[in-house]
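**Q** Input structure: data13.cif, which contains mmCIF, C-alpha atoms and all ligand atoms.
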```
data_my_file
#
loop_
_atom_site.label_atom_id
_atom_site.label_comp_id
_atom_site.auth_asym_id
_atom_site.auth_seq_id
_atom_site.Cartn_x
_atom_site.Cartn_y
_atom_site.Cartn_z
CA MET A 1 -39.29 -44.98 -11.69
CA ALA A 2 -36.88 -42.55 -10.02
CA LYS A 3 -37.87 -41.66 -6.45
CA GLN A 4 -36.26 -38.85 -4.53
CA ASN A 5 -36.29 -38.22 -0.80
CA ILE A 6 -34.70 -34.85 -0.17
CA TYR A 7 -36.85 -34.26 2.94
CA ASP A 8 -34.79 -36.82 4.86
CA ASN A 9 -31.68 -34.69 4.30
CA ASP A 10 -31.04 -33.05 7.73
CA THR A 11 -30.41 -29.55 6.34
CA PHE A 12 -33.38 -29.67 4.01
CA PHE A 13 -35.72 -31.03 6.67
CA ASP A 14 -34.70 -28.42 9.26
CA ASN A 15 -35.05 -25.59 6.75
CA PHE A 16 -38.43 -26.81 5.51
CA LYS A 17 -39.66 -27.22 9.09
CA ASN A 18 -38.62 -23.64 9.88
CA LEU A 19 -40.25 -22.28 6.71
CA ARG A 20 -43.45 -24.24 7.36
CA SER A 21 -43.67 -23.12 10.99
CA ASN A 22 -43.07 -19.46 10.16
CA GLU A 23 -46.44 -17.74 10.76
CA ILE A 24 -46.43 -16.18 7.27
CA ASN A 25 -45.58 -18.96 4.86
CA PHE A 26 -46.71 -19.99 1.37
CA ASN A 27 -48.42 -23.14 2.66
CA ASP A 28 -50.66 -21.50 5.24
CA VAL A 29 -51.25 -18.18 3.48
CA ILE A 30 -51.75 -19.40 -0.10
CA GLU A 31 -51.97 -23.19 -0.46
CA SER A 32 -54.10 -24.18 2.50
CA PRO A 33 -56.99 -21.68 2.08
CA ILE A 34 -57.38 -22.53 -1.62
CA ILE A 35 -57.31 -26.33 -1.27
CA THR A 36 -59.58 -26.14 1.78
CA ALA A 37 -62.18 -24.20 -0.22
CA MET A 38 -62.05 -26.84 -2.98
CA LEU A 39 -62.57 -29.84 -0.71
CA PRO A 40 -65.94 -31.56 -0.38
CA ASP A 41 -67.54 -31.98 3.03
CA LEU A 42 -65.25 -34.48 4.77
CA LYS A 43 -67.71 -35.59 7.46
CA GLY A 44 -67.69 -39.36 7.68
CA LYS A 45 -65.31 -39.71 4.72
CA LYS A 46 -62.32 -42.00 4.39
CA VAL A 47 -59.43 -39.75 3.34
CA LEU A 48 -55.93 -40.43 1.98
CA ASP A 49 -53.36 -37.58 1.99
CA ILE A 50 -50.45 -38.30 -0.39
CA GLY A 51 -47.13 -36.68 0.55
CA CYS A 52 -48.63 -35.66 3.91
CA GLY A 53 -45.38 -34.22 5.25
CA MET A 54 -45.65 -33.14 8.88
CA GLY A 55 -49.35 -33.95 9.07
CA GLN A 56 -50.89 -30.48 9.31
CA HIS A 57 -53.46 -31.23 6.61
CA ALA A 58 -54.21 -34.70 8.01
CA MET A 59 -55.01 -33.08 11.36
CA GLN A 60 -57.17 -30.48 9.61
CA TYR A 61 -59.15 -33.23 7.81
CA SER A 62 -59.59 -35.19 11.02
CA LEU A 63 -60.92 -32.06 12.77
CA ALA A 64 -63.25 -31.48 9.80
CA GLY A 65 -64.99 -34.75 10.67
CA ALA A 66 -63.31 -37.32 8.41
CA ALA A 67 -64.01 -40.88 9.56
CA SER A 68 -60.35 -41.72 9.03
CA VAL A 69 -57.27 -40.13 7.50
CA LEU A 70 -54.26 -42.01 6.21
CA GLY A 71 -51.18 -39.88 5.49
CA ILE A 72 -48.39 -41.39 3.42
CA ASP A 73 -44.97 -39.87 2.77
CA ILE A 74 -41.61 -41.14 1.57
CA SER A 75 -39.75 -39.25 4.30
CA GLU A 76 -39.22 -40.97 7.64
CA LYS A 77 -38.43 -37.63 9.25
CA MET A 78 -41.69 -36.13 8.05
CA ILE A 79 -43.71 -39.13 9.22
CA SER A 80 -42.10 -39.25 12.65
CA TYR A 81 -42.79 -35.52 13.10
CA ALA A 82 -46.42 -36.07 11.98
CA ARG A 83 -46.88 -39.00 14.37
CA GLU A 84 -45.57 -36.93 17.25
CA LYS A 85 -47.23 -33.54 16.58
CA ASN A 86 -50.35 -34.26 14.55
CA TYR A 87 -51.71 -37.31 16.28
CA SER A 88 -55.38 -38.26 16.56
CA ALA A 89 -57.10 -41.60 17.07
CA ASN A 90 -58.51 -41.59 13.52
CA ILE A 91 -55.23 -40.59 11.78
CA SER A 92 -52.60 -43.07 10.74
CA TYR A 93 -49.32 -42.43 8.97
CA LEU A 94 -47.22 -44.66 6.76
CA VAL A 95 -43.73 -44.24 5.34
CA MET A 96 -44.52 -45.00 1.71
CA ALA A 97 -43.65 -43.53 -1.68
CA PHE A 98 -46.50 -42.55 -3.97
CA GLU A 99 -44.82 -44.72 -6.62
CA ASP A 100 -45.71 -47.70 -4.37
CA LEU A 101 -49.37 -46.88 -3.79
CA ASP A 102 -50.40 -50.10 -5.55
CA ARG A 103 -49.27 -51.90 -2.39
CA LEU A 104 -52.18 -50.31 -0.49
CA ASP A 105 -55.16 -52.55 -0.97
CA GLU A 106 -57.75 -49.95 0.10
CA LYS A 107 -60.22 -47.51 -1.41
CA PHE A 108 -61.00 -43.98 -0.27
CA ASP A 109 -63.81 -41.42 -0.61
CA VAL A 110 -61.46 -38.47 -0.92
CA ILE A 111 -57.78 -38.41 -1.87
CA THR A 112 -55.77 -35.23 -1.40
CA SER A 113 -52.22 -34.14 -2.02
CA SER A 114 -50.59 -30.83 -1.14
CA LEU A 115 -47.47 -29.76 -3.01
CA ALA A 116 -46.04 -33.26 -3.33
CA LEU A 117 -46.60 -34.16 -6.99
CA ASP A 118 -43.72 -31.95 -8.18
CA TYR A 119 -41.57 -34.97 -7.44
CA VAL A 120 -43.32 -37.60 -9.54
CA GLU A 121 -41.63 -38.65 -12.75
CA ASP A 122 -44.66 -40.29 -14.41
CA PHE A 123 -47.61 -38.01 -13.67
CA GLY A 124 -50.02 -39.92 -15.95
CA ALA A 125 -49.33 -43.29 -14.29
CA LEU A 126 -49.89 -41.77 -10.85
CA MET A 127 -53.23 -40.29 -11.95
CA LYS A 128 -54.37 -43.76 -13.05
CA GLN A 129 -53.22 -45.31 -9.78
CA ILE A 130 -54.98 -42.65 -7.69
CA ARG A 131 -58.23 -43.00 -9.64
CA SER A 132 -58.18 -46.76 -9.08
CA MET A 133 -58.02 -46.15 -5.31
CA LEU A 134 -61.17 -44.00 -5.20
CA ASN A 135 -64.65 -45.27 -4.53
CA ASP A 136 -67.09 -44.50 -7.35
CA GLY A 137 -67.89 -40.78 -7.31
CA GLY A 138 -64.88 -40.16 -5.07
CA GLN A 139 -62.80 -37.00 -5.46
CA PHE A 140 -59.12 -36.21 -5.80
CA VAL A 141 -58.15 -32.69 -4.74
CA PHE A 142 -54.55 -31.63 -5.08
CA SER A 143 -52.07 -28.79 -5.40
CA MET A 144 -48.64 -28.75 -6.97
CA SER A 145 -46.18 -26.23 -8.38
CA HIS A 146 -47.64 -24.36 -11.33
CA PRO A 147 -46.07 -25.19 -14.73
CA ILE A 148 -45.19 -21.50 -15.03
CA ALA A 149 -43.25 -21.67 -11.76
CA THR A 150 -41.31 -24.80 -12.75
CA ALA A 151 -40.27 -23.29 -16.11
CA TYR A 152 -37.16 -22.09 -14.35
CA ASP A 153 -33.50 -23.05 -14.35
CA GLY A 154 -32.13 -21.14 -11.37
CA GLN A 155 -29.52 -19.27 -13.36
CA TYR A 156 -31.36 -15.97 -13.59
CA ASP A 157 -33.73 -14.02 -11.36
CA ARG A 158 -37.29 -15.29 -11.75
CA TYR A 159 -38.28 -11.70 -12.49
CA THR A 160 -37.18 -8.82 -14.64
CA ARG A 161 -37.10 -5.94 -12.18
CA THR A 162 -36.84 -2.17 -12.16
CA LYS A 163 -33.59 -0.60 -10.90
CA ASP A 164 -35.27 -0.49 -7.48
CA GLY A 165 -35.94 -4.20 -7.50
CA VAL A 166 -39.67 -3.97 -8.16
CA ARG A 167 -40.91 -7.02 -10.13
CA LEU A 168 -41.96 -6.10 -13.68
CA TYR A 169 -42.21 -9.41 -15.54
CA ALA A 170 -41.93 -13.11 -14.69
CA ASN A 171 -39.25 -14.89 -16.74
CA LEU A 172 -40.01 -18.27 -18.25
CA HIS A 173 -37.23 -20.67 -19.20
CA ASN A 174 -37.92 -23.46 -21.73
CA TYR A 175 -41.58 -23.80 -20.82
CA GLY A 176 -42.03 -26.30 -23.64
CA ILE A 177 -39.24 -28.66 -22.56
CA GLU A 178 -40.49 -31.10 -19.97
CA GLY A 179 -38.44 -33.08 -17.50
CA LEU A 180 -36.25 -32.76 -14.45
CA ARG A 181 -35.25 -29.23 -13.39
CA LYS A 182 -32.55 -28.50 -10.86
CA PHE A 183 -32.11 -25.21 -9.05
CA ARG A 184 -31.12 -23.88 -5.69
CA TRP A 185 -33.84 -24.01 -3.03
CA VAL A 186 -32.38 -24.69 0.40
CA VAL A 187 -29.96 -27.18 -1.20
CA ASP A 188 -27.86 -26.59 -4.31
CA GLU A 189 -29.55 -29.12 -6.53
CA TYR A 190 -33.20 -29.13 -5.59
CA GLU A 191 -35.06 -31.27 -8.16
CA VAL A 192 -38.61 -31.06 -9.48
CA TYR A 193 -40.30 -32.24 -12.66
CA HIS A 194 -41.49 -29.55 -15.05
CA ARG A 195 -44.57 -30.35 -17.14
CA THR A 196 -46.77 -28.20 -19.30
CA PHE A 197 -50.33 -27.35 -18.35
CA ALA A 198 -51.53 -29.58 -21.22
CA THR A 199 -49.64 -32.58 -19.81
CA LEU A 200 -51.31 -32.14 -16.43
CA VAL A 201 -54.81 -31.86 -17.92
CA ASN A 202 -54.24 -34.76 -20.32
CA GLY A 203 -52.79 -36.91 -17.52
CA MET A 204 -56.01 -36.49 -15.52
CA ALA A 205 -58.27 -36.89 -18.55
CA SER A 206 -56.50 -40.03 -19.83
CA ALA A 207 -56.83 -41.58 -16.39
CA GLY A 208 -60.59 -41.09 -16.73
CA PHE A 209 -61.01 -38.22 -14.27
CA VAL A 210 -63.62 -35.51 -14.73
CA ILE A 211 -62.01 -32.19 -13.85
CA GLU A 212 -64.46 -30.22 -11.72
CA GLU A 213 -62.39 -27.21 -10.70
CA CYS A 214 -58.99 -25.62 -11.30
CA GLN A 215 -57.47 -22.78 -9.30
CA GLU A 216 -54.14 -20.90 -9.36
CA SER A 217 -52.37 -19.11 -6.52
CA HIS A 218 -54.21 -16.00 -5.44
CA LEU A 219 -54.48 -14.12 -2.20
CA PRO A 220 -56.30 -11.11 -0.80
CA GLU A 221 -54.83 -7.82 -2.02
CA GLU A 222 -54.23 -6.50 1.50
CA ILE A 223 -52.01 -9.50 2.30
CA ARG A 224 -50.15 -9.23 -1.01
CA ILE A 225 -49.45 -5.57 -0.34
CA LYS A 226 -48.57 -6.07 3.32
CA TYR A 227 -46.08 -8.83 2.48
CA GLN A 228 -44.97 -7.44 -0.88
CA ASP A 229 -41.43 -8.88 -0.70
CA LYS A 230 -42.69 -12.39 -0.06
CA PHE A 231 -45.91 -12.58 -2.07
CA GLY A 232 -45.67 -9.70 -4.56
CA GLY A 233 -44.78 -12.11 -7.36
CA VAL A 234 -48.14 -13.86 -7.26
CA ILE A 235 -49.77 -11.44 -9.72
CA HIS A 236 -46.99 -12.08 -12.26
CA GLN A 237 -46.58 -15.81 -11.78
CA PRO A 238 -48.84 -18.24 -9.88
CA ASP A 239 -46.68 -20.51 -7.72
CA PHE A 240 -49.27 -23.25 -7.35
CA ILE A 241 -52.00 -24.92 -9.38
CA PHE A 242 -54.96 -26.78 -7.88
CA PHE A 243 -57.42 -29.32 -9.31
CA ARG A 244 -60.48 -31.12 -8.04
CA CYS A 245 -61.25 -34.26 -10.08
CA ARG A 246 -64.00 -36.84 -9.76
CA LYS A 247 -64.03 -40.56 -10.53
C1 LIG B 1 -43.58 -29.50 0.02
S1 LIG B 1 -43.77 -30.92 1.05
C2 LIG B 1 -45.48 -30.82 1.42
C3 LIG B 1 -45.86 -31.57 2.67
C4 LIG B 1 -47.33 -31.46 3.09
N1 LIG B 1 -48.23 -32.02 2.11
C5 LIG B 1 -47.69 -30.02 3.38
O1 LIG B 1 -48.62 -29.50 2.75
O2 LIG B 1 -47.05 -29.44 4.26
C6 LIG B 1 -43.66 -32.26 -0.09
C7 LIG B 1 -43.78 -33.63 0.56
O3 LIG B 1 -43.81 -34.62 -0.49
C8 LIG B 1 -43.09 -35.74 0.00
N2 LIG B 1 -42.65 -36.59 -1.11
C9 LIG B 1 -41.71 -36.31 -2.05
N3 LIG B 1 -41.54 -37.35 -2.88
C10 LIG B 1 -42.40 -38.31 -2.47
C11 LIG B 1 -42.70 -39.63 -2.92
N4 LIG B 1 -42.06 -40.16 -3.96
N5 LIG B 1 -43.65 -40.33 -2.28
C12 LIG B 1 -44.29 -39.81 -1.20
N6 LIG B 1 -44.05 -38.56 -0.71
C13 LIG B 1 -43.12 -37.83 -1.34
C14 LIG B 1 -41.93 -35.13 0.75
O4 LIG B 1 -41.28 -36.05 1.59
C15 LIG B 1 -42.63 -33.98 1.47
O5 LIG B 1 -43.10 -34.37 2.72
#
```
Would you kindly transcribe this structure into structure tokens?
**A**
Amino acid sequence: MAKQNIYDNDTFFDNFKNLRSNEINFNDVIESPIITAMLPDLKGKKVLDIGCGMGQHAMQYSLAGAASVLGIDISEKMISYAREKNYSANISYLVMAFEDLDRLDEKFDVITSSLALDYVEDFGALMKQIRSMLNDGGQFVFSMSHPIATAYDGQYDRYTRTKDGVRLYANLHNYGIEGLRKFRWVVDEYEVYHRTFATLVNGMASAGFVIEECQESHLPEEIRIKYQDKFGGVIHQPDFIFFRCRK
């Protein structure tokens, strides 16, 4: 299976680090509050965070009382940042691709993943692998790009706008054609996999998961209005989709 590791590209890593550490960013303003609200009580739980990046969520889960947190990520740069800045005695980090999770001979109570599964070629196979790593009754809570947001080819504006630039409609490109999409985001040929909503749901269902909750990007109106340029698109097109599944 194809694996990509764009986060070890110096330019991409530095840009992502700057975006992520900006006080008003998509991760902290939209993704983190929604996934946090969907998580079970982590006290005493053994947690795995897939595609943990710089370790902010791992640190959050440790502070929420998890017994242990293991963060895995394909990027050495991400993992060395996480080890340096988001260290705690009950957190460990591993450079590992999610395609290689079968090498981990461990089970977890809760598995999470924040915005990392855009990069997996075989979503269904990964769902099966993740389910096999959960203890009975264990939960998998994750976010990824919304299928509406990945139905994009980078050639046109994501929105049809008024003459003044106000967003009127979100534009979808080939929603029904699944596969690799390339567009400019920090680098010229940023790559993600586009899948339909049905493929996501069927991937989880075929793996044997019970889907307990689904959410899409949303945020308080006052924040959307205050940061209209950045977040104004959220009412036209949800950037992220979230699921909580149970084994
Ligand atoms: C958008 S970042 C999110 C990082 C972190 N979860 C967060 O919320 O800040 C996506 C992460 O997925 C990781 N990733 C991409 N492909 C991966 C793979 N095949 N295996 C493991 N991690 C991967 C990247 O290295 C990156 O750290």
**Q** Between A:Met133, A:Ile177, A:Gly233, A:Phe197, which is the closest to Gly165 (chain A) once you count all atoms listed in the file?
**A**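 Residue with the minimum atom-to-atom distance to Gly165 (chain A): A:Gly233.
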**Q** Residues within 7 Å of ligand LIG 1 (chain B) should be enumerated using only C-alpha atoms and all ligand atoms and returned as a list in words.
**A** Lys3, Gln4, Asn5, Ile6, Tyr7, Asn27, Ile50, Gly51, Cys52, Gly53, Met54, Gly55, Gln56, His57, Ile72, Asp73, Ile74, Ser75, Met78, Met96, Ala97, Phe98, Glu99, Ser113, Ser114, Leu115, Ala116, Tyr119 and Val120 of chain A
**Q** With all atoms listed in the file as the counted atoms, please give the residues lying no more than 8 Å from Tyr169 (chain A), apart from itself and same-chain residues fewer than 2 positions off, as a PDB file with C-alpha atoms, in the frame of the given file.
**A**
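Saved file part_29.pdb follows:
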```
ATOM      1  CA  TYR A 159     -38.280 -11.700 -12.490  1.00  0.00           C
ATOM      2  CA  THR A 160     -37.180  -8.820 -14.640  1.00  0.00           C
ATOM      3  CA  ARG A 161     -37.100  -5.940 -12.180  1.00  0.00           C
ATOM      4  CA  ARG A 167     -40.910  -7.020 -10.130  1.00  0.00           C
ATOM      5  CA  ASN A 171     -39.250 -14.890 -16.740  1.00  0.00           C
ATOM      6  CA  HIS A 236     -46.990 -12.080 -12.260  1.00  0.00           C
TER       7      HIS A 236
END
```
**Q** I'd like the interatomic distance between CA of Leu39 (chain A) and CA of Asp100 (chain A), to a tenth of an Å.
**A** 24.8 Å
**Q** For Ala170 (chain A), which residue among A:Gln228, A:Ala58, A:Gln237, A:Trp185 is the nearest when counting all atoms listed in the file?
**A**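 Using all atoms listed in the file, the shortest distance to Ala170 (chain A) belongs to A:Gln237.
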**Q** Excluding Ile241 (chain A) and any residue of its chain fewer than 3 positions from it, enumerate the residues within 7 Å of it, using all atoms listed in the file, and give them as a list of chain:residue names.
**A**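 After dropping sequence-adjacent residues, the list is A:Ser143, A:Met144, A:Ser145, A:His146, A:Gln215, A:Glu216, A:Ser217.
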**Q** Identify, on the basis of all atoms listed in the file, every residue whose closest approach to Ser88 (chain A) does not exceed 10 Å; exclude the query and any residue fewer than 2 positions from it along the same chain; express the result as an MDAnalysis selection string.
**A** chainID A and resid 58:59 62:63 68:69 83:86 90:92
**Q** A:Ala89, A:Ala151, A:Ala207, A:Leu42: which is nearest Phe123 (chain A), counting only C-alpha atoms?
**A**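 Once distances to Phe123 (chain A) are computed over only C-alpha atoms, the minimum belongs to A:Ala207.
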**Q** List as number ranges by chain the protein and nucleic acid residues near Ile130 (chain A), meaning an atom at most 12 Å away when only C-alpha atoms are counted, but skip any in the same chain fewer than 2 places from it.
**A** A: 48-50, 98-102, 104-113, 117, 123-128, 132-135, 138-142, 203-204, 207-209, 245-247
**Q** Quick check, in Å to one decimal: how far apart do CA of Tyr175 (chain A) and CA of Asn202 (chain A) lie?
**A**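 Atom-to-atom, CA of Tyr175 (chain A) and CA of Asn202 (chain A) are spaced 16.8 Å apart.
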